[in-house]
Amino acid sequence: MFDSLKIAVQYITPKHLLSRLVGTLAAAQAGAVTTAMIKFFIKQYKVDMSEALDSDPESYSSFNAFFTRQLKADARSICQDVKQLALPVDGAVSQLGDIEHDAIFQAKGHNYSLTTLLGGKPELAKPFLDGKFATIYLSPKDYHRIHMPIDGQLTDMIYVPGELFSVSPLTAERVPGLFARNERVVAIFDTEIGKMAMVLVGATIVASIETKWAGTVSPPAGKNVQHWQYPIQGDNSVFIKKGDEMGLFKLGSTIVACFEADMIEFADLSAGDVTRLGDVFANITK
C-alpha cells in the first residue's frame, strides 16, 4: 500500500520544477550550511570518502562539487585486457541481457522500446536490434562520473525531453517504460567491434546531465528531441579511450548501455549485483 502511494505521488508531483529547484540549491555556495548538508549526506548514505581525491567535506564549495567528486587515481583499476569491456560506473545492475528485437526488459511485466529510448530514431536504433543491453542504477552514495567501457569514436548525441520519475528499483517495477519516458542524453559511439550507445537517464532531483565534449546538456530542458552529429576527424571530433570519463550526473540516476548483436557476452553479472568502475563488464565475441 505504501509503495503504491509513493508511486502515485510521483505522477502528480511537479518533477521538473522540483528538480530544478534542488539543482539551484545544490549549486549554492552557502558556507557552513553547505558543509553541514554534505556531512549529513555522508553519514546518512555511508559515503566512503577515503576513496575521494579530496576527502575533507569542508573543502567542497557546493553540494554539486561534493556529489561529482573525483576519485583518487588508485581507487579504481580499469581492466586492461583488450578482449574485455570495463564497467562504466559504480552502481548496481538493474537488468541486463538480450534486446528482443526492439524490446528491452525493464522489470517483471514491463518492456520498453529501444527505438523510443534512443529518441524515436529508427536509423539510430537499427544496429542495436537483437543486441545486448545493461541497465545500471547509481545510488546516492555512488561515484557519479561515467567512464568508457571501450575505446569509442562519438558519432551522435541526442537529447530527449521527458519525465523525471525516480529511477529507483521500486519505480522501475511500477512505472511502465520508465527509462524511455524520462529525460535522457544518448551518446552513440563507433568502436572497433561495432556500435555502442550510452544512455544517461535523468530522474527526480537530477539537476544536470553533462558530457565531456558538450558540457551541460540538461538543463535547460527542451520540449523537442535534439540531435547532434560529430565528424570522425577535425576539431569537432571526439574520441574517448577505455576507462576515460565521458560524462557525469549531478545527483543520482541510471545508465543504459546498448551493444550490437554478436558483439559481446556479459561477464558473470545479474540483476542486483554491485558494479565497480573498471571491473570486467563483458567479453568481446567478435
# chains A, B, ... in the order shown; residues from 1 in each chain; ligands from 1
$ closest_atom_pairs --of "stretch 115-176 of chain A" --to "stretch 277-286 of chain A" --cutoff "12 Å" --atoms "only C-alpha atoms" --output "JSON lines"
{"residue": "A:Lys132", "atom": "CA", "partner": "A:Ala282", "partner_atom": "CA", "distance": 10.6}
{"residue": "A:Phe133", "atom": "CA", "partner": "A:Ala282", "partner_atom": "CA", "distance": 11.1}
{"residue": "A:Ala134", "atom": "CA", "partner": "A:Phe281", "partner_atom": "CA", "distance": 9.6}
{"residue": "A:Thr135", "atom": "CA", "partner": "A:Phe281", "partner_atom": "CA", "distance": 12.0}
{"residue": "A:Ile136", "atom": "CA", "partner": "A:Phe281", "partner_atom": "CA", "distance": 11.4}
{"residue": "A:Leu138", "atom": "CA", "partner": "A:Leu277", "partner_atom": "CA", "distance": 11.4}
{"residue": "A:Asp142", "atom": "CA", "partner": "A:Leu277", "partner_atom": "CA", "distance": 10.3}
{"residue": "A:Tyr143", "atom": "CA", "partner": "A:Leu277", "partner_atom": "CA", "distance": 8.9}
{"residue": "A:His144", "atom": "CA", "partner": "A:Leu277", "partner_atom": "CA", "distance": 10.4}
{"residue": "A:Arg145", "atom": "CA", "partner": "A:Leu277", "partner_atom": "CA", "distance": 9.6}
{"residue": "A:Ile146", "atom": "CA", "partner": "A:Leu277", "partner_atom": "CA", "distance": 8.5}
{"residue": "A:His147", "atom": "CA", "partner": "A:Leu277", "partner_atom": "CA", "distance": 7.8}
{"residue": "A:Met148", "atom": "CA", "partner": "A:Gly278", "partner_atom": "CA", "distance": 9.2}
{"residue": "A:Pro149", "atom": "CA", "partner": "A:Phe281", "partner_atom": "CA", "distance": 7.6}
{"residue": "A:Ile150", "atom": "CA", "partner": "A:Phe281", "partner_atom": "CA", "distance": 10.1}
$ select_by_dssp --residues "stretch 6-130 of chain A" --states "strand (DSSP E or B)" --output "PyMOL selection string"
chain A and resi 52+71+84-86+91-98+100+103-107+110-113
$ write_last_selection --atoms "C-alpha atoms" --output "PDB file, in the first residue's frame"
ATOM      1  CA  ALA A  52      37.764  10.626  -2.848  1.00  0.00           C
ATOM      2  CA  LEU A  71      38.306   9.548  -7.059  1.00  0.00           C
ATOM      3  CA  GLN A  84      37.171  -7.290 -22.345  1.00  0.00           C
ATOM      4  CA  LEU A  85      34.970  -4.243 -21.711  1.00  0.00           C
ATOM      5  CA  ALA A  86      35.213  -2.352 -18.423  1.00  0.00           C
ATOM      6  CA  GLY A  91      26.278   1.167  -9.024  1.00  0.00           C
ATOM      7  CA  ALA A  92      24.102  -1.927  -9.168  1.00  0.00           C
ATOM      8  CA  VAL A  93      22.749  -3.920 -12.089  1.00  0.00           C
ATOM      9  CA  SER A  94      19.069  -3.260 -12.611  1.00  0.00           C
ATOM     10  CA  GLN A  95      18.720  -5.622 -15.583  1.00  0.00           C
ATOM     11  CA  LEU A  96      20.885  -6.901 -18.428  1.00  0.00           C
ATOM     12  CA  GLY A  97      20.560  -9.329 -21.281  1.00  0.00           C
ATOM     13  CA  ASP A  98      19.253  -9.600 -24.826  1.00  0.00           C
ATOM     14  CA  GLU A 100      14.384  -8.857 -28.085  1.00  0.00           C
ATOM     15  CA  ALA A 103      12.172  -4.608 -26.775  1.00  0.00           C
ATOM     16  CA  ILE A 104      14.305  -4.038 -23.662  1.00  0.00           C
ATOM     17  CA  PHE A 105      13.360  -5.719 -20.383  1.00  0.00           C
ATOM     18  CA  GLN A 106      12.758  -3.239 -17.552  1.00  0.00           C
ATOM     19  CA  ALA A 107      11.195  -5.350 -14.797  1.00  0.00           C
ATOM     20  CA  HIS A 110       7.471  -4.264 -18.246  1.00  0.00           C
ATOM     21  CA  ASN A 111       9.394  -3.918 -21.511  1.00  0.00           C
ATOM     22  CA  TYR A 112      10.138  -0.712 -23.381  1.00  0.00           C
ATOM     23  CA  SER A 113      11.157   0.227 -26.899  1.00  0.00           C
TER      24      SER A 113
END
$ residues_around --residues "A:Phe66" --least-positions-apart "2" --cutoff "10 Å" --atoms "only C-alpha atoms" --output "list in words"
Ala26, Thr34, Thr35, Ile38, Ile42, Ala52, Asp54, Ser55, Asp56, Pro57, Glu58, Ser59, Tyr60, Ser61, Ser62, Phe63, Asn64, Thr68, Arg69, Gln70 and Lys250 of chain A
$ closest_atom_pairs --of "stretch 65-127 of chain A" --to "stretch 230-249 of chain A" --cutoff "9 Å" --atoms "only C-alpha atoms" --output "tab-separated table"
residue	atom	partner	partner_atom	distance
A:Phe67	CA	A:Phe249	CA	8.6
A:Thr68	CA	A:Leu248	CA	7.3
A:Ser77	CA	A:Gly243	CA	8.9
A:Ile78	CA	A:Gly243	CA	6.0
A:Cys79	CA	A:Gly243	CA	8.5
A:Gln80	CA	A:Lys242	CA	8.9
A:Leu85	CA	A:Lys242	CA	8.1
A:Ala86	CA	A:Gly243	CA	7.1
A:Leu87	CA	A:Gly243	CA	8.6
A:Pro88	CA	A:Gly243	CA	7.4
$ write_last_selection --atoms "N, CA and C atoms" --output "CSV table (one decimal), in the first residue's frame"
chain,number,residue,atom,x,y,z
A,67,PHE,N,29.1,16.1,-4.7
A,67,PHE,CA,28.5,15.0,-5.4
A,67,PHE,C,29.2,14.5,-6.6
A,68,THR,N,29.8,15.3,-7.3
A,68,THR,CA,30.6,15.0,-8.5
A,68,THR,C,32.1,14.8,-8.2
A,77,SER,N,40.7,0.3,-10.7
A,77,SER,CA,41.6,-0.2,-11.7
A,77,SER,C,40.8,-0.6,-12.9
A,78,ILE,N,41.2,-0.1,-14.1
A,78,ILE,CA,40.5,-0.4,-15.3
A,78,ILE,C,41.0,-1.7,-15.9
A,79,CYS,N,40.2,-2.7,-16.2
A,79,CYS,CA,40.7,-3.9,-16.8
A,79,CYS,C,41.3,-3.6,-18.1
A,80,GLN,N,42.5,-4.2,-18.3
A,80,GLN,CA,43.4,-3.9,-19.4
A,80,GLN,C,43.3,-4.9,-20.6
A,85,LEU,N,35.5,-5.6,-22.0
A,85,LEU,CA,35.0,-4.2,-21.7
A,85,LEU,C,35.0,-4.0,-20.2
A,86,ALA,N,35.2,-2.7,-19.8
A,86,ALA,CA,35.2,-2.4,-18.4
A,86,ALA,C,33.9,-1.8,-18.0
A,87,LEU,N,33.5,-2.1,-16.8
A,87,LEU,CA,32.3,-1.5,-16.2
A,87,LEU,C,32.4,0.0,-16.2
A,88,PRO,N,31.4,0.7,-16.7
A,88,PRO,CA,31.5,2.2,-16.8
A,88,PRO,C,31.2,3.0,-15.6
$ closest_residue --among "A:Thr216, A:Gln229, A:Thr211, A:Ser166" --to "A:Arg181" --atoms "only C-alpha atoms"
A:Ser166
$ closest_residue --among "A:Asp156, A:Glu123, A:Asp48, A:Asp151" --to "A:His227" --atoms "only C-alpha atoms"
A:Asp156
$ atom_distance --atom1 "atom CA of A:Glu260" --atom2 "atom CA of A:Arg276"
23.3 Å
$ select_by_dssp --residues "stretch 127-255 of chain A" --states "alpha helix (DSSP H)" --output "number ranges by chain"
A: 169-174, 178-181
$ write_last_selection --atoms "C-alpha atoms" --output "compact mmCIF listing (two decimals), in the first residue's frame"
# COMPACT_ATOMS: atom_id res chain seq x y z
CA PRO A 169 14.24 -0.21 -8.22
CA LEU A 170 10.72 0.29 -6.85
CA THR A 171 9.84 2.78 -9.58
CA ALA A 172 11.34 0.54 -12.26
CA GLU A 173 8.97 -2.20 -11.10
CA ARG A 174 5.89 0.03 -11.10
CA LEU A 178 10.40 4.28 -17.24
CA PHE A 179 13.76 4.67 -18.95
CA ALA A 180 12.19 5.50 -22.32
CA ARG A 181 9.93 8.19 -20.85
$ closest_residue --among "A:Ser270, A:Gly131, A:Pro161, A:Tyr137" --to "A:Lys223" --atoms "only C-alpha atoms"
A:Pro161
$ residues_around --residues "A:Asn182" --least-positions-apart "6" --cutoff "7 Å" --atoms "only C-alpha atoms" --output "list in words"
Gly162, Glu163, Leu164, Phe165, Val201, Gly202 and Ala203 of chain A
$ write_last_selection --atoms "all heavy atoms" --output "PDB file, in the first residue's frame"
ATOM      1  N   GLY A 162      11.610  14.600 -21.511  1.00  0.00           N
ATOM      2  CA  GLY A 162      10.711  13.610 -20.934  1.00  0.00           C
ATOM      3  C   GLY A 162      10.402  13.879 -19.482  1.00  0.00           C
ATOM      4  O   GLY A 162      10.646  14.967 -18.958  1.00  0.00           O
ATOM      5  N   GLU A 163       9.872  12.882 -18.832  1.00  0.00           N
ATOM      6  CA  GLU A 163       9.515  12.956 -17.419  1.00  0.00           C
ATOM      7  C   GLU A 163      10.776  12.914 -16.555  1.00  0.00           C
ATOM      8  O   GLU A 163      11.885  12.697 -17.052  1.00  0.00           O
ATOM      9  CB  GLU A 163       8.605  11.788 -17.054  1.00  0.00           C
ATOM     10  CG  GLU A 163       7.262  11.786 -17.761  1.00  0.00           C
ATOM     11  CD  GLU A 163       6.263  12.716 -17.096  1.00  0.00           C
ATOM     12  OE1 GLU A 163       6.607  13.353 -16.074  1.00  0.00           O
ATOM     13  OE2 GLU A 163       5.120  12.791 -17.581  1.00  0.00           O
ATOM     14  N   LEU A 164      10.579  13.058 -15.256  1.00  0.00           N
ATOM     15  CA  LEU A 164      11.685  12.908 -14.311  1.00  0.00           C
ATOM     16  C   LEU A 164      11.221  12.055 -13.124  1.00  0.00           C
ATOM     17  O   LEU A 164      11.312  12.453 -11.966  1.00  0.00           O
ATOM     18  CB  LEU A 164      12.201  14.275 -13.838  1.00  0.00           C
ATOM     19  CG  LEU A 164      13.037  15.058 -14.847  1.00  0.00           C
ATOM     20  CD1 LEU A 164      13.391  16.440 -14.302  1.00  0.00           C
ATOM     21  CD2 LEU A 164      14.315  14.301 -15.208  1.00  0.00           C
ATOM     22  N   PHE A 165      10.725  10.859 -13.448  1.00  0.00           N
ATOM     23  CA  PHE A 165      10.393   9.917 -12.386  1.00  0.00           C
ATOM     24  C   PHE A 165      11.677   9.478 -11.675  1.00  0.00           C
ATOM     25  O   PHE A 165      12.767   9.509 -12.254  1.00  0.00           O
ATOM     26  CB  PHE A 165       9.719   8.664 -12.965  1.00  0.00           C
ATOM     27  CG  PHE A 165       8.283   8.849 -13.354  1.00  0.00           C
ATOM     28  CD1 PHE A 165       7.936   9.073 -14.678  1.00  0.00           C
ATOM     29  CD2 PHE A 165       7.275   8.784 -12.400  1.00  0.00           C
ATOM     30  CE1 PHE A 165       6.613   9.233 -15.048  1.00  0.00           C
ATOM     31  CE2 PHE A 165       5.943   8.946 -12.762  1.00  0.00           C
ATOM     32  CZ  PHE A 165       5.614   9.176 -14.081  1.00  0.00           C
ATOM     33  N   VAL A 201      20.247   8.571 -18.171  1.00  0.00           N
ATOM     34  CA  VAL A 201      18.826   8.794 -17.894  1.00  0.00           C
ATOM     35  C   VAL A 201      18.662   9.718 -16.693  1.00  0.00           C
ATOM     36  O   VAL A 201      19.193   9.450 -15.615  1.00  0.00           O
ATOM     37  CB  VAL A 201      18.105   7.460 -17.620  1.00  0.00           C
ATOM     38  CG1 VAL A 201      16.608   7.694 -17.411  1.00  0.00           C
ATOM     39  CG2 VAL A 201      18.340   6.469 -18.764  1.00  0.00           C
ATOM     40  N   GLY A 202      17.923  10.800 -16.883  1.00  0.00           N
ATOM     41  CA  GLY A 202      17.625  11.725 -15.797  1.00  0.00           C
ATOM     42  C   GLY A 202      16.601  11.146 -14.841  1.00  0.00           C
ATOM     43  O   GLY A 202      15.972  10.122 -15.106  1.00  0.00           O
ATOM     44  N   ALA A 203      16.435  11.812 -13.699  1.00  0.00           N
ATOM     45  CA  ALA A 203      15.500  11.335 -12.681  1.00  0.00           C
ATOM     46  C   ALA A 203      15.098  12.499 -11.784  1.00  0.00           C
ATOM     47  O   ALA A 203      15.651  13.593 -11.895  1.00  0.00           O
ATOM     48  CB  ALA A 203      16.132  10.222 -11.857  1.00  0.00           C
TER      49      ALA A 203
END
